[in-house]
Each structure stands twice: as structure tokens, then as C-alpha cells.
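Trainee: This structure is in C-alpha cells; I'll ask about it shortly.
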Amino acid sequence: MGRLHSVNPGDTERRPWIVGVSGASGTPYAAAVLRALLAAGQSVDLVVSRASRLTLLDETGISFRDAHWRDDLRQWLARGADGKPDTFDMSADDLADVRYWAAGDLAAGPSSGSYATKGMLIAPASTACVAGVALGLSKDLLQRSASVTLKEGRRLVVCVRETPLNGQTLKHLVSLDEAGAIVLPASPAFYAGATHIQDLVDFVAGRVLDAADVPHGLYRRWKGELGSGSGGGPGSPEA
């Protein structure tokens with residue numbers, strides 16, 4: 001007979017959120033989601049697709065390198081949505097519970113269902129990423145991690161960033177919804193009194209965290225009181 005292995009009640013298993021960043025425009029969304037997860041004390045496993053590195057370079061001027069990912073990530077998360085560097089205070093200690101996996105590493109932890117996670121957030125999600133996940137292609141670690149998340153019944157939030165959407169992409173999004181994923185378009189709202197581009201980015205990031213049941217303070221919530229969306233009140237409810 002096999003030997004029973006006891007569990008020490010004092011042992012706590014690390015259960016991260018996987019954050020996948022695809023090649024869609026919208027790297028500030030990913031940065032806001034990552035900052036908020038870390039601020040909430042969540043562990044993070046990060047997967048950055050090859051295409052997203054090009055987008056990140058184009059939108060921020062930052063080269064994301066495997067060998068220097070921690071320094072590059074700190075620089076990225078410190079940058080505001082308006083492109084200003086060092087808008088947010090980010091130190092090496094802030095990134096202590098981030099684990100990075102290369103997109104081509106299909107032997108990485110998140111590629112297996114036995115690797116414990118809370119779920120996965122893809123922000124932003126390109127239409128190519130949406131198609132790959134919906135069809136189960138698993139062409140890289142990002143898509144494989146999403147497929148594993150679905151098959152294990154864990155929460156998958158797909159923050160799709162594209163417009164307009166063609167019929168094929170709409171079918172893929174319906175397939176993801178039917179498979180149990182939460183399809184969350186990157187659609188910023190204005191009722192929260194946004195006065196800066198960062199406010200609009202933070203609203204979308206906040207909705208991603210809402211879908212993951214992670215507490216945050218990224219935007220002002222609707223409280224059922226009509227007021228000015230420019231700051232005089234809580235604004236108007238979502239349609």
C-alpha cells in the first residue's frame with residue numbers, strides 16, 4: 001500500500017492568479033491589473049506573449065526581456081497610462097511574489113492542471129488569443145494556461161480589446177462564454193468621474209478584478225444617486 005502523506009496545518013500553498021498579456025493594444029490595462037493584484041496581496045504568475053512584447057515596445061518604449069524581466073516589469077508598472085515614467089512607486093520588494101514564465105515554455109507550471117492557481121486573467125486579449133483559446137490550440141503558454149484554467153473549472157476572465165468585432169470573433173467569444181469564461185470587453189465607463197486617461201484604464205482594470213472577486217479601489221462605484229460624472233457626484237449607472 002502507498003504511504004499517506006500528512007498536511008501540516010501551518011503550511012500554506014502558493015495559489016497565484018495567472019495574468020496573460022497578449023499582443024492587443026492596451027498594455028496600460030495589463031499594468032493596472034498587475035498593480036492592483038499586488039496591492040491586494042495576491043500572488044501573480046505572469047505570461048507575456050511574443051506579440052505583446054512588440055506592443056509593449058511600441059506603446060511604452062520598454063523592451064521586455066526574459067533575462068531582465070524583473071527590472072523591465074518594474075519599469076513598466078511604474079509608468080502611467082499617459083506614458084509618464086515613475087508615476088507609480090514600484091520597488092523590487094513589490095514584485096517579490098511575481099513569478100514569470102516564458103511564453104514558449106510549455107513545460108511551465110501553469111501548463112498543468114495539477115499546478116495550483118486561483119484562475120487566470122487575460123488583459124488585454126487579442127482576437128488571435130481569443131480564437132486560440134476558444135479552439136483549444138495551445139500554441140503557446142498563454143493559450144495553454146487558459147485551456148487548463150477552463151478544463152479545471154477555474155475562473156478565466158478574458159478582457160478582449162478590439163473594435164469592430166467580426167462574426168468569427170463573436171462566435172469565439174460565445175464559445176468562451178459557453179465554456180465558462182467571463183468575457184469582459186475593455187469598455188471604459190464615464191459615470192465614475194474620470195478626469196484622466198489613467199481613470200479610464202483603472203475602470204477597466206477594476207472590472208477585471210471585480211470579475212475575479214479581488215478587492216480594489218480603482219474606481220468609484222455607482223451608489224444609486226444621480227450626480228455629475230465630472231466629479232460632483234457618483235455619476236450615472238451603467239446601461
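Every chain in the C-alpha cells has a letter given in the order shown (A, B, ...), and although residue numbers restart at 1 in each chain, ligands are simply numbered from 1 in the order shown.
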Env of range 176-187 of chain A: 6 Å cut, atoms = only C-alpha atoms, seq-sep filter 3 positions within chain, self excluded. Answer as a PDB file with N, CA and C atoms, in the first residue's frame.

Mentor:
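Saved to part10.pdb:
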ATOM      1  N   ALA A 134     -10.425  29.701 -27.639  1.00  0.00           N
ATOM      2  CA  ALA A 134     -11.734  29.132 -27.963  1.00  0.00           C
ATOM      3  C   ALA A 134     -11.600  27.808 -28.708  1.00  0.00           C
ATOM      4  N   LEU A 156     -11.732  32.140 -15.489  1.00  0.00           N
ATOM      5  CA  LEU A 156     -10.983  32.712 -16.601  1.00  0.00           C
ATOM      6  C   LEU A 156     -11.684  33.989 -17.039  1.00  0.00           C
ATOM      7  N   VAL A 157     -10.984  35.116 -16.949  1.00  0.00           N
ATOM      8  CA  VAL A 157     -11.515  36.402 -17.376  1.00  0.00           C
ATOM      9  C   VAL A 157     -10.758  36.829 -18.626  1.00  0.00           C
ATOM     10  N   VAL A 158     -11.492  37.084 -19.700  1.00  0.00           N
ATOM     11  CA  VAL A 158     -10.896  37.437 -20.980  1.00  0.00           C
ATOM     12  C   VAL A 158     -11.272  38.875 -21.301  1.00  0.00           C
ATOM     13  N   CYS A 159     -10.325  39.783 -21.151  1.00  0.00           N
ATOM     14  CA  CYS A 159     -10.560  41.211 -21.396  1.00  0.00           C
ATOM     15  C   CYS A 159     -10.198  41.507 -22.848  1.00  0.00           C
ATOM     16  N   VAL A 160     -11.175  41.310 -23.725  1.00  0.00           N
ATOM     17  CA  VAL A 160     -10.926  41.443 -25.157  1.00  0.00           C
ATOM     18  C   VAL A 160     -10.823  42.919 -25.531  1.00  0.00           C
ATOM     19  N   ARG A 161      -9.818  43.249 -26.356  1.00  0.00           N
ATOM     20  CA  ARG A 161      -9.573  44.629 -26.760  1.00  0.00           C
ATOM     21  C   ARG A 161      -9.473  44.675 -28.282  1.00  0.00           C
ATOM     22  N   LEU A 173     -16.075  34.305 -28.966  1.00  0.00           N
ATOM     23  CA  LEU A 173     -16.407  34.840 -27.645  1.00  0.00           C
ATOM     24  C   LEU A 173     -17.602  34.107 -27.040  1.00  0.00           C
ATOM     25  N   VAL A 204     -11.456  49.842 -16.300  1.00  0.00           N
ATOM     26  CA  VAL A 204     -11.453  48.526 -16.951  1.00  0.00           C
ATOM     27  C   VAL A 204     -10.716  47.511 -16.080  1.00  0.00           C
TER      28      VAL A 204
END

Trainee: Find the residues near Lys84 in chain A: any atom within 12 Å, counting only C-alpha atoms, skip ones fewer than 5 places away on the same chain, and give them as a list in words.

Mentor: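 Here the answer would be Pro28, Glu59, Thr60, Gly61, Gln75, Trp76, Leu77, Ala78, Arg79, Ile197 and Gln198 of chain A.
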
Trainee: Just asking: which residues within range 126-229 of chain A are strand (DSSP E) according to DSSP, as a ChimeraX atom specification?

Mentor: /A:155-160,182-183

Trainee: With only C-alpha atoms as the counted atoms, please give the residues lying no more than 12 Å from Gly113 in chain A, apart from itself and same-chain residues fewer than 5 positions off, as a PyMOL selection string.

Mentor: chain A and resi 107-108+118-119+144-154

Trainee: Write the residues you've just listed into a file as a PDB file, in the first residue's frame, and include C-alpha atoms for each of them.

Mentor:
ATOM      1  CA  ALA A 107       6.700  22.694 -19.526  1.00  0.00           C
ATOM      2  CA  ALA A 108       5.989  25.618 -17.160  1.00  0.00           C
ATOM      3  CA  LYS A 118      -6.870  30.725  -8.422  1.00  0.00           C
ATOM      4  CA  GLY A 119      -7.578  31.277 -12.096  1.00  0.00           C
ATOM      5  CA  ARG A 144      -2.288  26.509 -22.864  1.00  0.00           C
ATOM      6  CA  SER A 145      -2.727  28.123 -19.430  1.00  0.00           C
ATOM      7  CA  ALA A 146      -6.161  29.403 -20.444  1.00  0.00           C
ATOM      8  CA  SER A 147      -7.200  25.957 -21.687  1.00  0.00           C
ATOM      9  CA  VAL A 148      -6.022  24.390 -18.424  1.00  0.00           C
ATOM     10  CA  THR A 149      -7.930  27.020 -16.442  1.00  0.00           C
ATOM     11  CA  LEU A 150     -11.134  26.140 -18.286  1.00  0.00           C
ATOM     12  CA  LYS A 151     -10.738  22.377 -18.023  1.00  0.00           C
ATOM     13  CA  GLU A 152     -10.049  22.623 -14.285  1.00  0.00           C
ATOM     14  CA  GLY A 153     -13.176  24.738 -13.760  1.00  0.00           C
ATOM     15  CA  ARG A 154     -11.214  27.759 -12.528  1.00  0.00           C
TER      16      ARG A 154
END

Trainee: Which residue gives the smallest distance to Asp105 in chain A among A:Lys139, A:Arg53, A:Arg207, A:His68, with only C-alpha atoms counted?

Mentor: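 With only C-alpha atoms as the atom set, the closest residue is A:Lys139.
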